[in-house]
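Below is one structure, written out as structure tokens, with a few remarks after it.
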Amino acid sequence: MKLSITDILFFLVPTIFFTIILYVMVGWTFYISFSDWQGTAPNYNFVGLKWYQLMFKLDRFWVDIRNNIIWLLVGVGPTAIVAIFLAYILELKSTQRFETYIRNLILYPAAMSFLVTGTIWSWMYQPDKGVINTILKWANLGFLTSNFVTDPATANYWLTLIFFWQYLGFSVIILQSSLRTTYLKEMVEAAAVDGASRMRILFNIVIPNIRGGILILISLLLISALKVFDIVYIVTFGGPGYSTDVLALFMFIATFQQHLVAVGAGLGVIIFIMALIIVIPYTIYAFRRWFG
Amino acid sequence: MKMTLLDTLFILSLVILTIGYILPIYVMFVTSLKTPLEITQRTYLIPGEPLQFQNYIRAFELIFPSLINSSIITISVTAISTFIGGLNGYFLSRYKSRLTKVLFIFMVIGLFIPYQVILIPLVQIMAATKLALTYLGLILSYIILNVPLASTLMGTFFFSLPRELEESAEIDGASRIGIFFKIISPIAAPAYASTSIIIFTQVWNEFLLALTLSTPYTTPITVKLAEIKGSYVALYNLQMAAALLSTMVPLLLFLFLGKYFVRGILAGALKG
Amino acid sequence: MSEEKKKISPSLIISVIIIIVLLAALVYYATLPPKVEVVPTVVVTTVYTTAPRTEERKLEIFHWWTAGGEREAADAMFRALKSKYPDIILVENPVAGGGGVSHRVVLQARLSAGLPPDTWQTLGGAELKAYVDGGFLEPIDDLWEELKYADAIPKPLADMVTVGGHRYTVPLNIHIQNILYYNKKLFDELGLKPPTTIDELLAVAEAIKKAKPNMWPLALGTKEKWEAAFVLDSFILETGGPEYYVKLFKGLVDVKTDPTFRKALERLSELVPYVYPYHAGLTWDESCGLVVSGDAAMVLMGTWAIGYFQSRGWTPGKEFGALTFPQKPERILLGHTDSYGLAKGAPHPNTCKDWLRVVASADLQVPTDVTQGGMFARLDIDPMKFPDPIRQELQTYLRNNPGKLILDQHGSIAPYSFTQAYWDAIAAFFAEPKVDGTISTVASLFETYNVKAEAAWYHWGSV
């Protein structure tokens with residue numbers, strides 16, 4: 001159909017407007033990272049890699065990178081896998097009565113302020129009187145108690161459990177929509193008629209056919225893990241010491257507590273670049289799908 | 001009926017999920033009915049005595065204005081972003097030209113930009129345009145951050161929508177805009193609903209931007225919750241009560257629109 | 001796919017209940033009697049005491065006293081303002097977060113965008129210097145002259161808010177950092193005397209450990225990191241003395257080779273076994289809570305903990321006692337102040353100056369400080385105005401020894417870029433007491449953040 005100017009204006013201009021602003025700001029942050037802005041007043045003198053050099057010398061920076069990678073691997077993987085199983089199970093006829101209950105159950109963390117859920121989780125994790133250890137001791141499972149987030153060796157992993165808890169509902173929702181297509185239903189029914197077990201159906205038919213949904217899910221989870229801030233801010237604030245520090249938290253501290261705004265911007269740039277690398281597979285895939 | 005591995009897995013997950021998700025709520029609820037002294041004892045699972053129901057009244061008094069603020073802000077952002085996302089997604093799905101391809105790439109990358117990256121420049125822009133301390137400033141900021149997400153979500157829906165309906169309307173001579181409003185939008189209602197829920201939750205719970213750009217007159221609920229706890233007195237009981245009260249709004253939204261997820265986001269487009 | 005059921009679904013019921021509750025609350029809220037507001041009605045009059053007619057009598061103020069007792073203190077401040085200048089319209093922006101963590105975020109954003117409030121709460125010290133260097137504060141030497149404030153307060157306090165010879169803010173209180181709170185009933189029961197030196201502290205800790213094996217002698221909560229530095233500060237004060245303390249944080253000590261710093265750390269590592277081990281997950285208020293709940297016996301915290309203990313129903317002198325620690329070789333008070341200044345480019349500068357005049361007055365300081373837990377900035381206020389013996393004694397001591405006050409961790413002698421990272425290192429020390437590792441980390445921090453140059457502005461005694 002013919003493309004009229006009115007069409008373009010109406011449909012695209014709002015988006016183009018907002019997108020330009022968005023990228024101008026990203027570019028601005030890039031520039032700040034090369035400037036000499038430390039302290040409270042803006043300072044746009046160009047100093048090149050000065051603050052990056054400082055940043056790379058800090059042990060804390062490398063601990064952050066390590067931690068963010070842990071988050072990417074340990075946070076995202078289990079969440080996606082459990083979400084796939086759960087979404088599939090919820091599609092089966094035998095579990096229909098539970099579907100709304102489970103879906104709303106795992107979705108409510110999205111409705112709650114992290115300030116509060118984070119506080120609750122710190123209480124859950126307190127080694128001496130926290131909720132989890134208290135229950136374990138009461139059930140005579142005292143040997144399973146742990147120091148959770150007060151032990152530098154295990155702290156990061158327990159934090160990723162909170163990530164799992166927060167994002168499971170969201171993940172299941174995303175998968176559910178890709179599962180509920182007539183096309184897939186027909187294939188599943190055909191396979192069931194042929195006598196295939198439900199597990200085999202899951203692996204051989206369902207999963208290959210929701211590749212797109214899984215890819216979106218994993219990309220979104222990876223990015224959420226990369227920019228994680230709230231959980232770490234409330235539950236450990238980077239502690240013990242800075243063993244659970246992540247890039248986004250360091251960015252916050254550098255910018256607002258240490259007044260090293262250029263360093264903060266530099267960290268933002270690092271986060272952005274890492275996000276870019278992660279996002280490339282999805283971008284290529286989606287591009288091909290949309291534009292053939 | 002024979003119990004298969006899948007059945008056992010299901011029962012197990014049901015139990016674990018119930019415990020894992022109900023336990024925090026229980027602790028919140030129990031804490032909200034205690035006095036500060038009782039909370040200090042750290043008996044998180046045991047209710048206080050007597051139950052301090054007046055905490056809820058006090059909490060409600062404190063957060064009511066913020067609930068209104070957050071609702072105004074979040075609903076505006078959701079409605080506008082979703083609408084713009086719909087426009088954009090529809091257009092991108094129907095026209096394959098160089099312009100749309102470029103826009104698409106920027107859109108997808110924009111999807112993944114963390115808000116921290118643009119915080120400082122955003123505040124500077126808001127200040128320069130004198131929007132910094134108004135509802136509008138906060139609303140526009142959130143829209144900027146959420147338009148890519150809305151576009152992608154709506155776009156994938158439109159992509160899978162068959163074109164027969166539009167084609168017959170085109171032959172009749174209807175304009176693209178007309179088609180969009182009269183024919184496409186009613187069909188896309190479920191997609192709008194599910195996109196709305198996702199954007200709503202992103203905005204409602206956002207803290208840093210809300211903290212930076214809000215004023216005493218426009219305090220959103222996330223900032224207010226921090227305020228309730230206090231800097232030195234740590235009033236967790238009031239904070240918990242306030243948090244539970246404030247979840248009523250998003251929860252209401254979930255319950256009403258939840259069923260639209262079923263037919264929503266990425267239907268059909270992702271079969272392979 | 002969920003079937004459409006004929007009977008009413010649970011979701012519908014829950015939604016209806018929620019809507020009914022919200023409506024009921026709406027009705028209740030709408031029918032509440034109007035609150036007595038802090039904001040007075042505008043008195044439309046042309047009689048202004050000090051401001052010219054062209055400036056609106058409005059004051060935009062940022063602070064972090066948002067809830068409970070601290071909120072009452074803020075209200076007390078504004079009542080004092082209102083009684084002196086009833087025509088001022090107050091616009092306050094309370095941002096919660098002890099020490100102003102979140103407050104700094106908002107302030108940084110607003111200041112760098114050129115939208116300052118008239119005045120904001122600031123702790124003096126390096127934080128203040130950051131604002132001065134950024135050009136965000138007006139010097140108020142003339143106001144200090146007018147109020148003769150330099151004579152009314154301890155000299156070190158005045159020095160905390162003086163940069164480059166100019167005064168920038170008006171302090172309204174003093175918060176002392178190095179106070180050792182202890183469970184008085186426990187001490188009486190065990191016949192213990194509150195410790196005044198490190199050796200006495202270790203002895204008391206040992207005695208408590210023997211008598212009450214389930215109780216931790218010292219509570220600690222390092223979530224915000226600075227709590228750990230507090231404890232080390234006290235140890236440094238005793239091992240090195242006050243002048244050494246100031247030299248250290250001015251970057252004038254070579255930490256790598258210095259024996260005193262090493263000794264302080266080594267003595268600290270003797271304390272670690274007696275310290276609550278799960279401190280990484282506790283905030284400072286939760287660590288004070290350990291003392292209230294009987295899980296711990298003592299805690300080293302600032303005067304603001306008094307307000308916390310009182311909110312839990314503990315009375316100073318009855319359930320808990322307190323003393324500054326250490327008391328040898330000298331009894332030194334480490335402190336910072338809550339103060340207000342005048343923003344450069346403030347929308348209402350003359351109104352702000354009226355506010356500052358009230359801040360400097362006893363009319364504001366007495367009710368505010370008594371409620372909030374700090375000490376009076378003014379030396380001419382009777383210490384007996386405090387209801388508790390702890391602060392009465394502290395204020396009297398300060399009155400008689402005004403020179404014994406040194407800037408603490410929160411106000412910070414060293415620049416905040418250093419201080420933040422320093423706190424992390426010391427918090428990590430409590431988790432793993434590695435003396436050598438910590439020394440080299442701290443030494444490199446002094447280098448990296450250029451402390452020597454950045455802290456040169458601060459002076460105490462002869463340093």
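Each chain in the structure tokens gets a letter, A, B, ..., in the order shown, and its residues are numbered from 1; ligands are numbered from 1 in order too.
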
**OP:** Do me a favour and pick out the residues of chain B within 9 Å of chain C, using only C-alpha atoms, as a PyMOL selection string.
**Re:** chain B and resi 35-42+57+60-61+64+119-120+123-128+132+208+211-216+223-224+226-235+248-249+251-252+255-256+259+262

**OP:** With a distance cut-off of 7 Å and only C-alpha atoms, select the neighbouring residues of Phe46 in chain A, excluding the residue or stretch itself and same-chain residues fewer than 2 positions from it, and output the selection as a PyMOL selection string.
**Re:** chain A and resi 34-36+44+48

**OP:** Restrict the distance test to only C-alpha atoms, flag each residue of chain A within 8 Å of chain C, and return the flagged residues as an MDAnalysis selection string.
**Re:** chainID A and resid 39:42 54 91 96 122 126:128 147 149:150 235:237 239:242 254 256:260

Spatial neighbours of Asn350 in chain C, 12 Å, only C-alpha atoms, chain gap at least 2 places, as an mmCIF file with C-alpha atoms, in the first residue's frame:
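Result went into result10.cif, see below:
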```
data_model
loop_
_atom_site.group_PDB
_atom_site.id
_atom_site.type_symbol
_atom_site.label_atom_id
_atom_site.label_comp_id
_atom_site.auth_asym_id
_atom_site.auth_seq_id
_atom_site.Cartn_x
_atom_site.Cartn_y
_atom_site.Cartn_z
ATOM 1 C CA TYR C 48 8.381 41.839 56.571
ATOM 2 C CA THR C 49 11.046 41.884 59.228
ATOM 3 C CA THR C 50 14.160 41.352 57.192
ATOM 4 C CA ALA C 51 13.272 40.404 53.637
ATOM 5 C CA PRO C 52 12.695 42.877 50.812
ATOM 6 C CA ARG C 53 9.212 42.927 49.411
ATOM 7 C CA THR C 54 10.149 41.323 46.119
ATOM 8 C CA GLU C 55 11.149 37.950 47.511
ATOM 9 C CA GLU C 56 8.502 35.363 48.244
ATOM 10 C CA ARG C 57 8.622 34.204 51.833
ATOM 11 C CA LYS C 58 9.146 30.578 51.031
ATOM 12 C CA LEU C 59 11.772 28.134 52.202
ATOM 13 C CA ILE C 88 7.367 31.860 55.989
ATOM 14 C CA ASP C 118 17.243 27.049 49.475
ATOM 15 C CA THR C 119 18.985 24.935 52.055
ATOM 16 C CA ILE C 140 27.881 33.171 55.341
ATOM 17 C CA LEU C 143 25.747 35.987 59.299
ATOM 18 C CA LEU C 342 22.617 28.859 52.038
ATOM 19 C CA ALA C 343 22.568 27.593 48.486
ATOM 20 C CA LYS C 344 24.170 29.629 45.774
ATOM 21 C CA GLY C 345 21.376 30.687 43.513
ATOM 22 C CA ALA C 346 18.825 29.871 46.177
ATOM 23 C CA PRO C 347 15.358 30.920 45.121
ATOM 24 C CA HIS C 348 14.754 32.706 48.424
ATOM 25 C CA CYS C 352 16.890 31.296 54.083
ATOM 26 C CA LYS C 353 19.017 33.619 56.143
ATOM 27 C CA ASP C 354 16.099 34.053 58.542
ATOM 28 C CA TRP C 355 15.954 30.285 58.791
ATOM 29 C CA LEU C 356 19.650 30.139 59.571
ATOM 30 C CA ARG C 357 19.229 32.713 62.306
#
```

Original post:
In terms of the shortest atom-to-atom distance over only C-alpha atoms, which of B:Ser185, B:Tyr26, B:Thr222, B:Leu161 is closest to chain A?
Top reply: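 Residue with the minimum atom-to-atom distance to chain A: B:Thr222.
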
Listing only residues of chain A within 6 Å of chain B, what is the closest atom pair and its distance in Å (to one decimal) for each, using only C-alpha atoms, sorted by chain and residue number ascending, as CSV?
```
residue,atom,partner,partner_atom,distance
A:Phe11,CA,B:Leu87,CA,5.1
A:Leu12,CA,B:Asn88,CA,5.9
A:Phe18,CA,B:Ile144,CA,5.4
A:Met25,CA,B:Ile118,CA,5.6
A:Val26,CA,B:Ile118,CA,5.8
A:Ala111,CA,B:Pro250,CA,5.6
A:Met112,CA,B:Thr247,CA,5.9
A:Ser113,CA,B:Asn205,CA,5.4
A:Ser177,CA,B:Ala267,CA,5.7
A:Ser178,CA,B:Ala267,CA,5.5
A:Thr181,CA,B:Gly268,CA,5.4
A:Asn209,CA,B:Lys271,CA,4.9
A:Ile210,CA,B:Lys271,CA,5.2
A:Arg211,CA,B:Gly272,CA,5.6
A:Gly212,CA,B:Leu270,CA,4.7
A:Gly213,CA,B:Leu270,CA,5.9
A:Gly268,CA,B:Val117,CA,4.8
```

Subject >> 10 Å contact set for Ala191 in chain A, only C-alpha atoms, chain neighbours under 4 positions out, as a PyMOL selection string >> reply: chain A and resi 185-187+195-198+200-201+204-205

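In this model, the gap between CA of Lys434 in chain C and CA of Asp64 in chain A comes to 21.4 Å.
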